[in-house]
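See below for the structure under consideration.
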Amino acid sequence: MGDIGILGGSFDPFHNGHLSIAKAAMHECGLAQILLLPAKVQPFKIGREMASEEDRVAMVRLIARQNQNFIVSTVEAYSEEVSYTYKTLRTLKTQYPNDRLHFILGTDAFLSLESWYQGRALLQEFPFIVGVRPGYKVSETEMTVERFRRDYDARIKILHNRILEVSSTEIKENIKAGKSIRALVPVPVERYIHEHRLYQGIY
């Protein structure tokens, strides 16, 4: 039995902030693998300049090739159904029946976890790894952790490594302005974005 960390997101594009939290989770939690889970474009994001599922999956695959023990799942990216984390984790559990699946997420998402689809069941059935920026809602996060442990017997690990603050909006704005994104994304992602002329339009 191994421990697998699952990091999901639009990954539009995958950036150094994603890589930082993935590596921190692997190091601090002794994970055997990191599973990168690109999400399908959500209906509320239609109309924004977003890369296709194919491009976003391709960029994440480049990251997995470069980082040992990183793997990619397209269970959400190519699904025809609305992606709910609970359903996705149940599906992944059938694919990895002998492993423990840990869902990795940031502070804001964690604080609202109880209101997610089947949020209570999520907390009861799966362990969570929370990436917290130093000084950012620390007390609120710690109080929520204690409450979730008390109410749902939840298994929660808070990361202590520094999480880089990088946003996809900043990356796209730099591209539009002709500025470098080298400090914001891994080299293979930078190369892919330029070669495929992604995020050149108005958003």
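Lettering and numbering for the structure tokens are positional, with chains as A, B, ... in the shown order, residues counted from 1 in each chain, and ligands counted from 1 in the shown order.
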
**OP:** Would you return as a list in words the members of region 66-127 of chain A that DSSP assigns to alpha helix (DSSP H) on this structure's backbone?
**Re:**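 DSSP on the backbone gives alpha helix (DSSP H) at Gln66, Thr85, Tyr86, Lys87, Thr88, Leu89, Arg90, Thr91, Leu92, Lys93, Thr94, Gln95, Thr107, Asp108, Ala109, Phe110, Leu111, Gly119, Arg120, Ala121, Leu122, Leu123, Gln124 and Glu125 of chain A.
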
Next, the residues of the selection above should be written as a compact mmCIF listing (two decimals), in the first residue's frame with C-alpha atoms.
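Generated output (out16.txt):
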# COMPACT_ATOMS: atom_id res chain seq x y z
CA GLN A 66 10.35 15.79 -15.69
CA THR A 85 -14.31 15.93 -6.25
CA TYR A 86 -16.16 13.28 -4.27
CA LYS A 87 -17.15 11.34 -7.39
CA THR A 88 -13.66 11.71 -8.83
CA LEU A 89 -11.99 10.38 -5.69
CA ARG A 90 -14.38 7.44 -5.55
CA THR A 91 -13.52 6.66 -9.19
CA LEU A 92 -9.80 6.95 -8.50
CA LYS A 93 -10.19 4.68 -5.48
CA THR A 94 -11.36 1.90 -7.81
CA GLN A 95 -8.25 2.48 -9.95
CA THR A 107 -6.39 27.32 2.29
CA ASP A 108 -9.45 28.97 0.76
CA ALA A 109 -10.70 25.75 -0.80
CA PHE A 110 -10.14 23.88 2.46
CA LEU A 111 -12.12 26.40 4.51
CA GLY A 119 -18.39 17.56 1.62
CA ARG A 120 -19.04 15.71 4.84
CA ALA A 121 -18.51 12.35 3.17
CA LEU A 122 -15.28 13.68 1.64
CA LEU A 123 -13.98 14.60 5.08
CA GLN A 124 -14.93 11.24 6.53
CA GLU A 125 -13.57 9.08 3.72

Subject >> Contact residues around Asn174 (chain A) with only C-alpha atoms at 12 Å, ignoring same-chain residues under 3 positions, as JSON, numbers by chain >> reply: {"A": [167, 168, 169, 170, 171, 177, 178, 179, 180, 181, 182, 183, 184, 185, 190, 199, 200]}

Restricting the output to N, CA and C atoms, write the selected residues as a compact mmCIF listing (two decimals), in the first residue's frame.
# COMPACT_ATOMS: atom_id res chain seq x y z
N SER A 167 -0.13 33.25 -9.98
CA SER A 167 -1.49 33.08 -10.48
C SER A 167 -1.49 32.96 -12.00
N SER A 168 -2.48 32.23 -12.51
CA SER A 168 -2.61 32.09 -13.96
C SER A 168 -2.90 33.44 -14.60
N THR A 169 -3.61 34.31 -13.88
CA THR A 169 -3.91 35.64 -14.41
C THR A 169 -2.64 36.43 -14.65
N GLU A 170 -1.72 36.37 -13.67
CA GLU A 170 -0.44 37.07 -13.80
C GLU A 170 0.33 36.55 -15.01
N ILE A 171 0.33 35.24 -15.20
CA ILE A 171 1.04 34.63 -16.33
C ILE A 171 0.44 35.11 -17.65
N ALA A 177 1.42 41.18 -22.46
CA ALA A 177 2.27 42.37 -22.45
C ALA A 177 3.65 42.11 -23.05
N GLY A 178 3.89 40.88 -23.47
CA GLY A 178 5.19 40.55 -24.04
C GLY A 178 6.29 40.39 -23.02
N LYS A 179 5.91 40.17 -21.76
CA LYS A 179 6.89 40.01 -20.69
C LYS A 179 7.24 38.53 -20.50
N SER A 180 8.36 38.29 -19.86
CA SER A 180 8.81 36.93 -19.62
C SER A 180 7.95 36.25 -18.56
N ILE A 181 7.75 34.94 -18.72
CA ILE A 181 7.06 34.14 -17.70
C ILE A 181 8.00 33.09 -17.13
N ARG A 182 9.29 33.24 -17.41
CA ARG A 182 10.29 32.23 -17.02
C ARG A 182 10.32 31.98 -15.52
N ALA A 183 10.07 33.01 -14.71
CA ALA A 183 10.12 32.84 -13.26
C ALA A 183 8.81 32.29 -12.70
N LEU A 184 7.80 32.15 -13.55
CA LEU A 184 6.47 31.78 -13.08
C LEU A 184 6.07 30.35 -13.40
N VAL A 185 6.64 29.78 -14.46
CA VAL A 185 6.25 28.44 -14.89
C VAL A 185 7.50 27.59 -15.13
N GLU A 190 6.75 26.76 -20.26
CA GLU A 190 7.05 28.01 -20.98
C GLU A 190 7.26 27.73 -22.47
N TYR A 199 -2.69 31.69 -25.03
CA TYR A 199 -3.02 32.91 -24.24
C TYR A 199 -2.61 34.20 -24.97
N GLN A 200 -2.68 34.18 -26.28
CA GLN A 200 -2.33 35.37 -27.05
C GLN A 200 -3.50 36.33 -27.20

Please tabulate, as JSON lines, the residues of region 71-185 of chain A that come within 7 Å of region 12-25 of chain A, each with its closest pair of atoms and the distance in Å to one decimal, counting only C-alpha atoms and ordering rows by chain, then residue number upward.
{"residue": "A:Gly131", "atom": "CA", "partner": "A:Ile21", "partner_atom": "CA", "distance": 6.4}
{"residue": "A:Leu159", "atom": "CA", "partner": "A:Ala25", "partner_atom": "CA", "distance": 6.8}
{"residue": "A:Asn161", "atom": "CA", "partner": "A:Ala24", "partner_atom": "CA", "distance": 6.0}
{"residue": "A:Ile163", "atom": "CA", "partner": "A:Ile21", "partner_atom": "CA", "distance": 6.0}
{"residue": "A:Leu164", "atom": "CA", "partner": "A:Gly17", "partner_atom": "CA", "distance": 4.8}
{"residue": "A:Glu165", "atom": "CA", "partner": "A:Gly17", "partner_atom": "CA", "distance": 6.0}
{"residue": "A:Val166", "atom": "CA", "partner": "A:Gly17", "partner_atom": "CA", "distance": 5.4}
{"residue": "A:Ser168", "atom": "CA", "partner": "A:Asp12", "partner_atom": "CA", "distance": 6.3}
{"residue": "A:Leu184", "atom": "CA", "partner": "A:Asn16", "partner_atom": "CA", "distance": 5.6}
{"residue": "A:Val185", "atom": "CA", "partner": "A:His15", "partner_atom": "CA", "distance": 4.3}

**OP:** Identify all residues of region 3-176 of chain A in strand (DSSP E or B) (DSSP on the backbone) and supply them as a count of residues only.
**Re:** 30

Subject >> Residue nearest Met59 (chain A) - candidates A:Val72, A:Glu28, A:Lys40, A:Gly2, atoms counted: only C-alpha atoms >> reply: A:Val72

Subject >> Atom-to-atom span, CA of His194 (chain A) and CA of Gly9 (chain A), Å >> reply: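 Calculated distance between CA of His194 (chain A) and CA of Gly9 (chain A) is 21.5 Å.
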
Original post:
Please, what distance in Å, to one decimal, runs between CA of Thr144 (chain A) and CA of Arg162 (chain A)?
Top reply: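 Rounded to one decimal, the two atoms are 20.5 Å apart.
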
Original post:
Between A:Ala39, A:Ile4, A:Ala64, A:Ile129, which has the minimum distance to Ala51 (chain A) (counting only C-alpha atoms)?
Top reply: A:Ala39

Original post:
Interatomic distance between CA of Phe103 (chain A) and CA of Pro188 (chain A)?
Top reply: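 Separation of CA of Phe103 (chain A) and CA of Pro188 (chain A): 25.3 Å.
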